[in-house]
Structure formats: structure tokens, C-alpha cells
file upload35.cif (mmCIF, C-alpha atoms)
data_query
loop_
_atom_site.label_atom_id
_atom_site.label_comp_id
_atom_site.auth_asym_id
_atom_site.auth_seq_id
_atom_site.Cartn_x
_atom_site.Cartn_y
_atom_site.Cartn_z
CA MET A 1 3.68 -16.58 -7.34
CA SER A 2 2.85 -17.07 -10.99
CA VAL A 3 5.50 -18.29 -13.40
CA PRO A 4 6.64 -15.52 -15.75
CA ALA A 5 5.53 -16.11 -19.33
CA THR A 6 7.68 -17.41 -22.10
CA ASP A 7 6.79 -17.32 -25.77
CA PRO A 8 8.06 -20.34 -27.77
CA ALA A 9 6.84 -18.76 -31.02
CA ALA A 10 9.44 -16.01 -30.53
CA LEU A 11 12.30 -18.52 -30.87
CA THR A 12 12.12 -18.69 -34.68
CA ARG A 13 12.89 -15.67 -36.82
CA THR A 14 14.46 -14.63 -40.10
CA VAL A 15 16.74 -11.61 -39.75
CA THR A 16 18.11 -9.66 -42.67
CA VAL A 17 21.37 -7.85 -43.19
CA ASP A 18 22.72 -5.56 -45.88
CA ARG A 19 25.75 -3.29 -46.22
CA ALA A 20 23.98 -0.37 -44.55
CA ARG A 21 23.23 -2.51 -41.51
CA LEU A 22 26.89 -3.52 -41.26
CA VAL A 23 27.94 0.14 -41.31
CA ALA A 24 25.38 0.83 -38.58
CA TYR A 25 26.74 -2.10 -36.53
CA ALA A 26 30.34 -0.99 -37.06
CA ASP A 27 29.45 2.42 -35.64
CA ALA A 28 27.28 1.03 -32.83
CA SER A 29 29.85 -1.54 -31.71
CA ASP A 30 32.92 0.57 -32.47
CA ASP A 31 34.35 -2.31 -34.56
CA GLN A 32 35.50 -0.64 -37.76
CA ASN A 33 37.46 -3.56 -39.26
CA PRO A 34 37.24 -2.83 -43.01
CA ILE A 35 36.51 -6.48 -43.90
CA HIS A 36 32.95 -5.70 -42.80
CA GLN A 37 32.57 -2.71 -45.12
CA ASP A 38 35.08 -2.78 -47.98
CA ALA A 39 35.00 -5.59 -50.55
CA ASP A 40 38.52 -4.84 -51.82
CA VAL A 41 39.98 -5.17 -48.34
CA ALA A 42 37.93 -8.31 -47.65
CA ARG A 43 39.15 -9.97 -50.87
CA SER A 44 42.74 -8.92 -50.20
CA VAL A 45 42.74 -11.10 -47.08
CA GLY A 46 41.18 -14.08 -48.86
CA LEU A 47 37.50 -13.55 -48.09
CA PRO A 48 34.87 -13.96 -50.84
CA ASP A 49 33.36 -10.52 -50.18
CA VAL A 50 32.35 -8.31 -47.26
CA ILE A 51 31.28 -10.44 -44.30
CA ALA A 52 29.08 -9.58 -41.35
CA HIS A 53 30.72 -9.12 -37.95
CA GLY A 54 30.45 -12.37 -36.03
CA MET A 55 29.19 -10.30 -33.13
CA TRP A 56 26.45 -8.83 -35.33
CA THR A 57 25.26 -12.35 -36.07
CA MET A 58 25.48 -13.37 -32.42
CA GLY A 59 23.56 -10.27 -31.33
CA ALA A 60 20.86 -10.68 -33.96
CA ALA A 61 20.47 -14.38 -33.15
CA LEU A 62 20.36 -13.91 -29.38
CA ASP A 63 17.51 -11.43 -29.66
CA VAL A 64 15.12 -14.36 -30.10
CA VAL A 65 16.05 -15.42 -26.58
CA THR A 66 15.25 -12.00 -25.12
CA ALA A 67 11.95 -12.07 -27.01
CA TYR A 68 11.26 -15.55 -25.59
CA VAL A 69 11.47 -14.18 -22.04
CA GLY A 70 9.10 -11.30 -22.69
CA GLY A 71 11.67 -8.75 -23.83
CA ASP A 72 13.31 -8.46 -20.40
CA PRO A 73 17.12 -8.74 -20.68
CA ALA A 74 17.43 -9.38 -16.94
CA ARG A 75 16.05 -12.88 -17.58
CA VAL A 76 18.94 -13.75 -19.93
CA LEU A 77 21.57 -14.98 -17.47
CA SER A 78 24.31 -15.99 -19.88
CA CYS A 79 24.97 -16.68 -23.54
CA GLN A 80 27.80 -17.98 -25.65
CA THR A 81 28.78 -19.02 -29.14
CA ARG A 82 31.56 -20.19 -31.40
CA PHE A 83 32.08 -18.55 -34.76
CA THR A 84 32.05 -21.32 -37.33
CA GLY A 85 30.87 -19.73 -40.57
CA MET A 86 30.57 -16.45 -42.41
CA VAL A 87 27.59 -14.35 -43.45
CA VAL A 88 28.68 -12.94 -46.82
CA VAL A 89 26.98 -9.66 -47.71
CA PRO A 90 27.39 -8.63 -51.38
CA GLU A 91 26.83 -5.02 -52.45
CA GLY A 92 23.18 -4.23 -53.16
CA GLU A 93 21.86 -7.47 -51.69
CA THR A 94 19.82 -8.26 -48.61
CA VAL A 95 20.96 -11.49 -46.98
CA GLU A 96 18.72 -13.61 -44.78
CA VAL A 97 19.81 -15.44 -41.63
CA LEU A 98 17.40 -18.02 -40.24
CA VAL A 99 17.48 -18.27 -36.44
CA VAL A 100 15.86 -21.16 -34.59
CA GLY A 101 15.98 -21.58 -30.82
CA THR A 102 15.11 -24.82 -29.04
CA VAL A 103 14.72 -25.42 -25.30
CA THR A 104 17.20 -28.22 -24.59
CA LYS A 105 17.21 -28.33 -20.81
CA LYS A 106 14.93 -27.33 -17.97
CA ASP A 107 16.27 -26.97 -14.44
CA GLU A 108 13.17 -26.58 -12.31
CA GLU A 109 15.13 -26.28 -9.09
CA ALA A 110 17.16 -23.36 -10.41
CA GLY A 111 14.22 -21.95 -12.38
CA THR A 112 16.21 -21.84 -15.59
CA GLU A 113 16.09 -23.14 -19.13
CA THR A 114 18.89 -23.65 -21.62
CA ILE A 115 18.12 -22.65 -25.19
CA ALA A 116 20.21 -23.87 -28.11
CA ILE A 117 20.25 -21.63 -31.16
CA THR A 118 21.01 -22.47 -34.75
CA ALA A 119 21.72 -19.66 -37.18
CA THR A 120 21.97 -20.55 -40.85
CA CYS A 121 22.66 -18.54 -43.99
CA ASP A 122 22.05 -20.25 -47.35
CA GLY A 123 21.67 -23.50 -45.43
CA GLU A 124 25.11 -23.23 -43.81
CA LYS A 125 25.52 -22.93 -40.04
CA VAL A 126 27.21 -19.67 -39.10
CA LEU A 127 27.25 -20.07 -35.31
CA GLY A 128 28.39 -23.16 -33.39
CA ARG A 129 27.30 -24.30 -29.95
CA CYS A 130 25.28 -21.11 -29.56
CA GLN A 131 23.20 -21.22 -26.42
CA ALA A 132 21.72 -19.10 -23.66
CA VAL A 133 20.51 -19.73 -20.14
CA VAL A 134 17.34 -17.88 -19.15
CA ARG A 135 15.32 -17.48 -15.99
CA VAL A 136 11.77 -18.70 -16.44
CA MET B 1 56.15 -12.80 -34.81
CA PRO B 2 54.34 -15.45 -32.75
CA ILE B 3 52.16 -14.50 -29.80
CA ASN B 4 53.96 -13.99 -26.52
CA PRO B 5 52.92 -16.70 -24.03
CA ASP B 6 54.40 -14.67 -21.16
CA TYR B 7 51.23 -12.55 -21.26
CA ALA B 8 49.10 -15.43 -19.96
CA GLY B 9 47.83 -14.69 -16.47
CA ARG B 10 48.27 -10.94 -16.84
CA GLU B 11 45.71 -8.62 -15.24
CA TYR B 12 45.43 -5.02 -16.39
CA PRO B 13 44.45 -1.92 -14.42
CA PRO B 14 40.78 -0.93 -14.79
CA ALA B 15 39.88 0.65 -18.16
CA GLY B 16 37.29 3.38 -18.43
CA PRO B 17 35.18 4.68 -16.88
CA PHE B 18 32.71 4.20 -19.73
CA THR B 19 29.49 6.17 -19.42
CA VAL B 20 26.80 4.25 -21.31
CA SER B 21 24.45 6.59 -23.15
CA ARG B 22 20.87 6.04 -24.22
CA GLU B 23 21.88 6.83 -27.80
CA GLU B 24 24.52 4.09 -27.96
CA ILE B 25 22.16 1.46 -26.57
CA VAL B 26 19.45 2.44 -29.07
CA ALA B 27 21.93 2.46 -31.97
CA PHE B 28 23.28 -0.97 -31.01
CA ALA B 29 19.79 -2.41 -30.63
CA GLU B 30 18.70 -1.06 -34.01
CA ALA B 31 21.83 -2.37 -35.74
CA ILE B 32 21.21 -5.94 -34.59
CA GLY B 33 17.47 -5.69 -35.19
CA ALA B 34 16.57 -6.13 -31.54
CA THR B 35 12.80 -6.18 -31.17
CA GLY B 36 12.30 -5.55 -27.45
CA VAL B 37 10.85 -2.11 -26.78
CA ALA B 38 12.87 -1.81 -23.56
CA HIS B 39 16.00 -1.42 -25.75
CA HIS B 40 14.49 1.54 -27.57
CA ASP B 41 12.00 3.32 -25.35
CA GLN B 42 12.59 4.71 -21.88
CA ALA B 43 8.94 4.41 -20.82
CA ALA B 44 8.84 0.75 -21.89
CA ALA B 45 12.05 0.10 -19.97
CA GLN B 46 10.61 1.78 -16.88
CA ALA B 47 7.54 -0.45 -17.14
CA LEU B 48 9.94 -3.40 -16.70
CA GLY B 49 11.52 -1.72 -13.68
CA TYR B 50 14.59 -0.10 -15.27
CA ARG B 51 15.39 3.59 -14.91
CA ASP B 52 16.23 3.93 -18.62
CA VAL B 53 16.69 1.91 -21.83
CA VAL B 54 18.37 -1.45 -21.26
CA ALA B 55 21.12 -2.94 -23.42
CA PRO B 56 20.80 -6.03 -25.62
CA THR B 57 22.48 -9.16 -24.35
CA THR B 58 25.66 -8.72 -26.45
CA PHE B 59 26.10 -4.96 -25.97
CA ALA B 60 28.95 -5.38 -23.48
CA VAL B 61 31.22 -6.35 -26.38
CA ARG B 62 31.44 -2.64 -27.24
CA LEU B 63 33.05 -1.95 -23.88
CA ALA B 64 35.02 -5.19 -23.65
CA GLN B 65 36.78 -4.53 -26.94
CA GLN B 66 37.98 -1.17 -25.64
CA CYS B 67 39.50 -3.02 -22.68
CA GLU B 68 41.00 -5.73 -24.92
CA ALA B 69 42.75 -3.03 -26.96
CA GLN B 70 45.30 -2.82 -24.14
CA LEU B 71 46.49 -6.29 -25.17
CA ILE B 72 45.77 -6.31 -28.92
CA GLY B 73 47.54 -2.99 -29.43
CA ASP B 74 50.64 -3.94 -27.47
CA PRO B 75 53.36 -4.87 -30.00
CA ALA B 76 55.18 -6.99 -27.41
CA ALA B 77 52.13 -9.27 -27.13
CA GLY B 78 52.75 -10.38 -30.72
CA ILE B 79 49.13 -10.30 -31.92
CA ASP B 80 49.03 -9.45 -35.65
CA PHE B 81 45.55 -7.94 -35.92
CA ALA B 82 45.35 -8.54 -39.66
CA ARG B 83 45.59 -12.28 -38.97
CA VAL B 84 43.01 -12.37 -36.18
CA VAL B 85 39.71 -14.22 -36.42
CA HIS B 86 37.11 -14.37 -33.68
CA GLY B 87 36.79 -17.86 -32.23
CA GLU B 88 34.37 -17.75 -29.31
CA GLU B 89 32.44 -15.23 -27.24
CA ALA B 90 30.53 -15.67 -23.99
CA PHE B 91 28.70 -13.36 -21.61
CA VAL B 92 27.63 -13.88 -18.04
CA HIS B 93 25.17 -11.20 -17.00
CA HIS B 94 25.24 -10.30 -13.33
CA ARG B 95 22.69 -7.62 -14.19
CA PRO B 96 21.67 -5.85 -17.42
CA ILE B 97 23.46 -2.70 -18.59
CA VAL B 98 21.20 0.36 -18.43
CA ALA B 99 21.70 3.81 -19.95
CA GLY B 100 23.47 6.06 -17.48
CA ASP B 101 25.66 3.27 -16.11
CA VAL B 102 29.27 4.25 -15.44
CA LEU B 103 31.31 1.08 -15.90
CA THR B 104 34.95 0.07 -15.70
CA GLY B 105 36.49 -3.07 -17.14
CA VAL B 106 39.38 -5.15 -15.86
CA LEU B 107 41.09 -7.18 -18.58
CA HIS B 108 42.51 -10.59 -17.70
CA VAL B 109 44.56 -12.68 -20.12
CA ASP B 110 43.36 -16.17 -19.22
CA ARG B 111 45.23 -18.14 -21.89
CA MET B 112 47.80 -17.41 -24.55
CA ARG B 113 49.34 -20.31 -26.39
CA GLU B 114 50.28 -21.73 -29.76
CA ALA B 115 48.13 -24.55 -31.12
CA GLY B 116 48.50 -26.13 -34.54
CA GLY B 117 50.49 -23.24 -35.92
CA SER B 118 48.05 -20.61 -34.73
CA GLY B 119 47.90 -18.50 -31.60
CA MET B 120 44.94 -18.93 -29.25
CA VAL B 121 44.27 -15.95 -27.01
CA SER B 122 41.51 -16.12 -24.39
CA THR B 123 40.62 -12.97 -22.50
CA ARG B 124 38.11 -12.10 -19.82
CA VAL B 125 36.81 -8.63 -19.10
CA GLU B 126 35.07 -8.08 -15.78
CA LEU B 127 32.79 -5.06 -16.09
CA ALA B 128 31.75 -3.45 -12.84
CA ASP B 129 29.66 -0.42 -11.90
CA ASP B 130 30.83 2.72 -10.13
CA GLU B 131 30.41 1.02 -6.76
CA GLY B 132 32.50 -1.96 -7.82
CA ARG B 133 29.59 -4.36 -8.18
CA PRO B 134 29.87 -6.91 -11.02
CA VAL B 135 27.79 -6.20 -14.14
CA THR B 136 29.00 -8.46 -16.96
CA THR B 137 31.76 -11.01 -17.47
CA VAL B 138 32.84 -11.09 -21.12
CA ARG B 139 34.98 -14.00 -22.33
CA SER B 140 36.52 -13.92 -25.78
CA THR B 141 38.83 -16.24 -27.67
CA ILE B 142 40.61 -15.04 -30.77
CA VAL B 143 42.72 -17.09 -33.14
CA VAL B 144 45.82 -15.52 -34.65
CA ARG B 145 46.29 -17.47 -37.86
CA GLY B 146 49.82 -18.67 -38.46
CA GLU B 147 51.83 -17.72 -41.53
CA GLY B 148 50.92 -20.95 -43.28
CA SER B 149 47.15 -20.63 -42.92
#
call {"tool": "encode", "arguments": {"input": "upload35.cif", "output": "C-alpha cells"}}
result
Amino acid sequence: MSVPATDPAALTRTVTVDRARLVAYADASDDQNPIHQDADVARSVGLPDVIAHGMWTMGAALDVVTAYVGGDPARVLSCQTRFTGMVVVPEGETVEVLVVGTVTKKDEEAGTETIAITATCDGEKVLGRCQAVVRV
Amino acid sequence: MPINPDYAGREYPPAGPFTVSREEIVAFAEAIGATGVAHHDQAAAQALGYRDVVAPTTFAVRLAQQCEAQLIGDPAAGIDFARVVHGEEAFVHHRPIVAGDVLTGVLHVDRMREAGGSGMVSTRVELADDEGRPVTTVRSTIVVRGEGS
């Protein structure tokens, strides 16, 4: 049986986010916390401005892993992250998040690989210990 | 009011059923910028062996949060939502979620304790299909910031 393909080039990507995307994610995830849409509310609780949902960032970052295994979600066995930083999204701006995945472990017996993911915004890490285990 | 540690170990009755629609999978995939065509296009999903569009790897959070509301929204649990920040999230996929799935979620409160002036609440939602087979395990830790932070 041939080994299913993986695509290392898919592990690096820049994703963009703006206010409209956060509204779309709020609706799609059913997480309508106003700190992700309303600058006045965000500032009232001590935030610099509207911030992206942590789960938006995790979802956007993890898509590189699905792309790595040929776009088949069944090959992504598990994934996890800590939320260590914020993606601040000012009105009228498009913010870039750089996502880089690296294969850190290969388990040939189990047929799996572990992929560590860094996600940075303005040079600051926004996810901590983000990783996924995929079937290869 | 601090969080109520008596809730640790609690297991809730199944929440749902949640019928997962094609539209909600497509909307979620588009919002996170998911590139795989199997998230967006039924024919592409069928080419991979699925009956319909297949959810991105973090989609289960949409269902898990509806289960977690049983705890978050319970005043006696002592979780002040305005002071909550998301600490950690983890998914174990027993199989992908596909449009048309009818899922239920059982909420478990794995840990609930004070640490350094803040509350740490770890939950686990076990999503299962309409025949009781496991689909996704969703683990979440939230931090309820104390009054001084």
C-alpha cells in the first residue's frame, strides 16, 4: 500500500483577518462575545481594541495541518493549543497572522506525525504549545 | 463570588441533539479561511469518501460551547462570564463531523479550583452520534480572573 501524500509546503501560510471576518466567525461559531466586535466594550474591559476570538486563530492556524494531509480532516487525529496572546483587529484594518508548522516527531509504528505550529501577529506569538497529530 | 469547587466531577445529562447542517459547516470553514474543498463542496467531500461536506478540525467548539453553557450559565457555579478568558483548547477526533450528523454532547466538569487568585475550570464534552458512537472529545480550560487581576 502506498503512503498517503503529505505536502510540507502547505505548512506555512499568512492568514488575514478584519472586522467583517470576526463578525462572520461570531455567527459561524455562535460566540457573540462583544469584545470581538465592539471596540467600546473591548476597551471597557481593559483590552486595547477588538480582538479576534482565540478559537478563530486556532481554527485558521490548524487549517495548515489539514492542508498538509491533502485536505482530508479524517487524517487529523487530535489538536490542541494554549491561548497566550491576542490578535488585535482595529477598525478598517486587515491584520496578518503568520502560521508556520513544523514536523517535530514521527512515529512510524503508529503511522503518525506530530506537527508543532507557531502563529505570530506583529512578531508576537499568539498561540502556545499549538500542535496536531496526523495520520500519514 | 469565587467559583464553586463542588462542581468538580459533575457530569451533565446529554445536550442536544444538534443537527449539523451543510450551511453551518460552510460558514465556519469560510470564516476561518479553511482552504480544503471538502469543507465547501459536497462533490469534493464525496470524492474523499464522505457523504457530504466535512467540518474543519475546530468546528466542534460550536457544539461544545452549547453544552458548556449548562455550567457557565449556572449562577451557583460562580463563573463570572465577564471575567473569563480562554486558557486552553484540545480536540480528539474519533471521526470527522459531516453535514447531516445528529450529535449529542455530555458535559463533564473535570477540574474546578482556585489558583493564584483566579479560578481554573476544565471541562470535557464528549460528542457522540445518534447511535452513541464517539465523534469528538473537546477539552477546554477557562480562567476566571480574580478581582485583583
call {"tool": "atom_distance", "arguments": {"input": "upload35.cif", "atom1": "CA of Thr102 (chain A)", "atom2": "CA of Ala27 (chain B)"}}
result
28.3 Å
call {"tool": "resolve_selection", "arguments": {"input": "upload35.cif", "expression": "the PyMOL selection byres ((chain A and resi 64-78) around 8)", "output": "compact mmCIF listing (two decimals) with C-alpha atoms, in the coordinates of the input"}}
result
# COMPACT_ATOMS: atom_id res chain seq x y z
CA ALA A 5 5.53 -16.11 -19.33
CA THR A 6 7.68 -17.41 -22.10
CA ASP A 7 6.79 -17.32 -25.77
CA PRO A 8 8.06 -20.34 -27.77
CA ALA A 9 6.84 -18.76 -31.02
CA ALA A 10 9.44 -16.01 -30.53
CA LEU A 11 12.30 -18.52 -30.87
CA THR A 12 12.12 -18.69 -34.68
CA ARG A 13 12.89 -15.67 -36.82
CA ALA A 60 20.86 -10.68 -33.96
CA ALA A 61 20.47 -14.38 -33.15
CA LEU A 62 20.36 -13.91 -29.38
CA ASP A 63 17.51 -11.43 -29.66
CA CYS A 79 24.97 -16.68 -23.54
CA GLN A 80 27.80 -17.98 -25.65
CA VAL A 99 17.48 -18.27 -36.44
CA GLY A 101 15.98 -21.58 -30.82
CA ILE A 115 18.12 -22.65 -25.19
CA ALA A 132 21.72 -19.10 -23.66
CA VAL A 133 20.51 -19.73 -20.14
CA VAL A 134 17.34 -17.88 -19.15
CA ARG A 135 15.32 -17.48 -15.99
CA VAL A 136 11.77 -18.70 -16.44
CA THR B 35 12.80 -6.18 -31.17
CA GLY B 36 12.30 -5.55 -27.45
CA VAL B 37 10.85 -2.11 -26.78
CA ALA B 38 12.87 -1.81 -23.56
CA LEU B 48 9.94 -3.40 -16.70
CA VAL B 54 18.37 -1.45 -21.26
CA ALA B 55 21.12 -2.94 -23.42
CA PRO B 56 20.80 -6.03 -25.62
CA THR B 57 22.48 -9.16 -24.35
CA ALA B 90 30.53 -15.67 -23.99
CA PHE B 91 28.70 -13.36 -21.61
CA VAL B 92 27.63 -13.88 -18.04
CA HIS B 93 25.17 -11.20 -17.00
CA HIS B 94 25.24 -10.30 -13.33
CA ARG B 95 22.69 -7.62 -14.19
CA PRO B 96 21.67 -5.85 -17.42
call {"tool": "residues_around", "arguments": {"input": "upload35.cif", "residues": "Thr57 (chain A)", "least_positions_apart": "5", "cutoff": "12 Å", "atoms": "only C-alpha atoms", "output": "PyMOL selection string"}}
result
(chain A and resi 14-17+21-22+25+51-52+62-64+81-88+95-99+117-121+125-128+130) or (chain B and resi 31-34+58+89)
call {"tool": "resolve_selection", "arguments": {"input": "upload35.cif", "expression": "the PyMOL selection byres ((chain B and resi 78) around 10)", "output": "ChimeraX atom specification"}}
result
/B:1-5,7,71-77,79-81,119,144
call {"tool": "atom_distance", "arguments": {"input": "upload35.cif", "atom1": "CA of Glu91 (chain A)", "atom2": "CA of Asp31 (chain A)"}}
result
19.6 Å
call {"tool": "residues_around", "arguments": {"input": "upload35.cif", "residues": "Val106 (chain B)", "least_positions_apart": "2", "cutoff": "9 Å", "atoms": "all atoms listed in the file", "output": "ChimeraX atom specification"}}
result
/B:11-15,64,67,104,108,124-128
call {"tool": "atom_distance", "arguments": {"input": "upload35.cif", "atom1": "CA of Gly92 (chain A)", "atom2": "CA of Ala20 (chain A)"}}
result
9.5 Å
call {"tool": "build_atoms", "arguments": {"input": "upload35.cif", "residues": "region 55-66 of chain A", "atoms": "N, CA, C and O atoms", "output": "mmCIF file, in the coordinates of the input"}}
result
data_model
loop_
_atom_site.group_PDB
_atom_site.id
_atom_site.type_symbol
_atom_site.label_atom_id
_atom_site.label_comp_id
_atom_site.auth_asym_id
_atom_site.auth_seq_id
_atom_site.Cartn_x
_atom_site.Cartn_y
_atom_site.Cartn_z
ATOM 1 N N MET A 55 29.975 -10.807 -34.265
ATOM 2 C CA MET A 55 29.190 -10.300 -33.130
ATOM 3 C C MET A 55 27.865 -9.690 -33.576
ATOM 4 O O MET A 55 26.939 -9.596 -32.775
ATOM 5 N N TRP A 56 27.775 -9.250 -34.837
ATOM 6 C CA TRP A 56 26.450 -8.830 -35.330
ATOM 7 C C TRP A 56 25.548 -10.064 -35.366
ATOM 8 O O TRP A 56 24.411 -10.026 -34.880
ATOM 9 N N THR A 57 26.068 -11.140 -35.934
ATOM 10 C CA THR A 57 25.260 -12.350 -36.070
ATOM 11 C C THR A 57 24.850 -12.881 -34.702
ATOM 12 O O THR A 57 23.698 -13.261 -34.483
ATOM 13 N N MET A 58 25.810 -12.893 -33.769
ATOM 14 C CA MET A 58 25.480 -13.370 -32.420
ATOM 15 C C MET A 58 24.389 -12.488 -31.795
ATOM 16 O O MET A 58 23.420 -12.987 -31.214
ATOM 17 N N GLY A 59 24.537 -11.182 -31.921
ATOM 18 C CA GLY A 59 23.560 -10.270 -31.330
ATOM 19 C C GLY A 59 22.186 -10.429 -31.940
ATOM 20 O O GLY A 59 21.165 -10.474 -31.228
ATOM 21 N N ALA A 60 22.144 -10.531 -33.271
ATOM 22 C CA ALA A 60 20.860 -10.680 -33.960
ATOM 23 C C ALA A 60 20.201 -12.008 -33.576
ATOM 24 O O ALA A 60 18.987 -12.077 -33.365
ATOM 25 N N ALA A 61 21.019 -13.065 -33.484
ATOM 26 C CA ALA A 61 20.470 -14.380 -33.150
ATOM 27 C C ALA A 61 19.964 -14.425 -31.714
ATOM 28 O O ALA A 61 18.888 -14.967 -31.430
ATOM 29 N N LEU A 62 20.737 -13.827 -30.796
ATOM 30 C CA LEU A 62 20.360 -13.910 -29.380
ATOM 31 C C LEU A 62 19.101 -13.111 -29.070
ATOM 32 O O LEU A 62 18.480 -13.324 -28.021
ATOM 33 N N ASP A 63 18.714 -12.203 -29.967
ATOM 34 C CA ASP A 63 17.510 -11.430 -29.660
ATOM 35 C C ASP A 63 16.274 -12.323 -29.575
ATOM 36 O O ASP A 63 15.310 -11.979 -28.892
ATOM 37 N N VAL A 64 16.301 -13.478 -30.236
ATOM 38 C CA VAL A 64 15.120 -14.360 -30.100
ATOM 39 C C VAL A 64 14.975 -14.845 -28.659
ATOM 40 O O VAL A 64 13.860 -15.106 -28.193
ATOM 41 N N VAL A 65 16.098 -14.960 -27.963
ATOM 42 C CA VAL A 65 16.050 -15.420 -26.580
ATOM 43 C C VAL A 65 15.440 -14.351 -25.675
ATOM 44 O O VAL A 65 14.606 -14.638 -24.808
ATOM 45 N N THR A 66 15.847 -13.104 -25.897
ATOM 46 C CA THR A 66 15.250 -12.000 -25.120
ATOM 47 C C THR A 66 13.747 -11.929 -25.400
ATOM 48 O O THR A 66 12.951 -11.722 -24.473
#
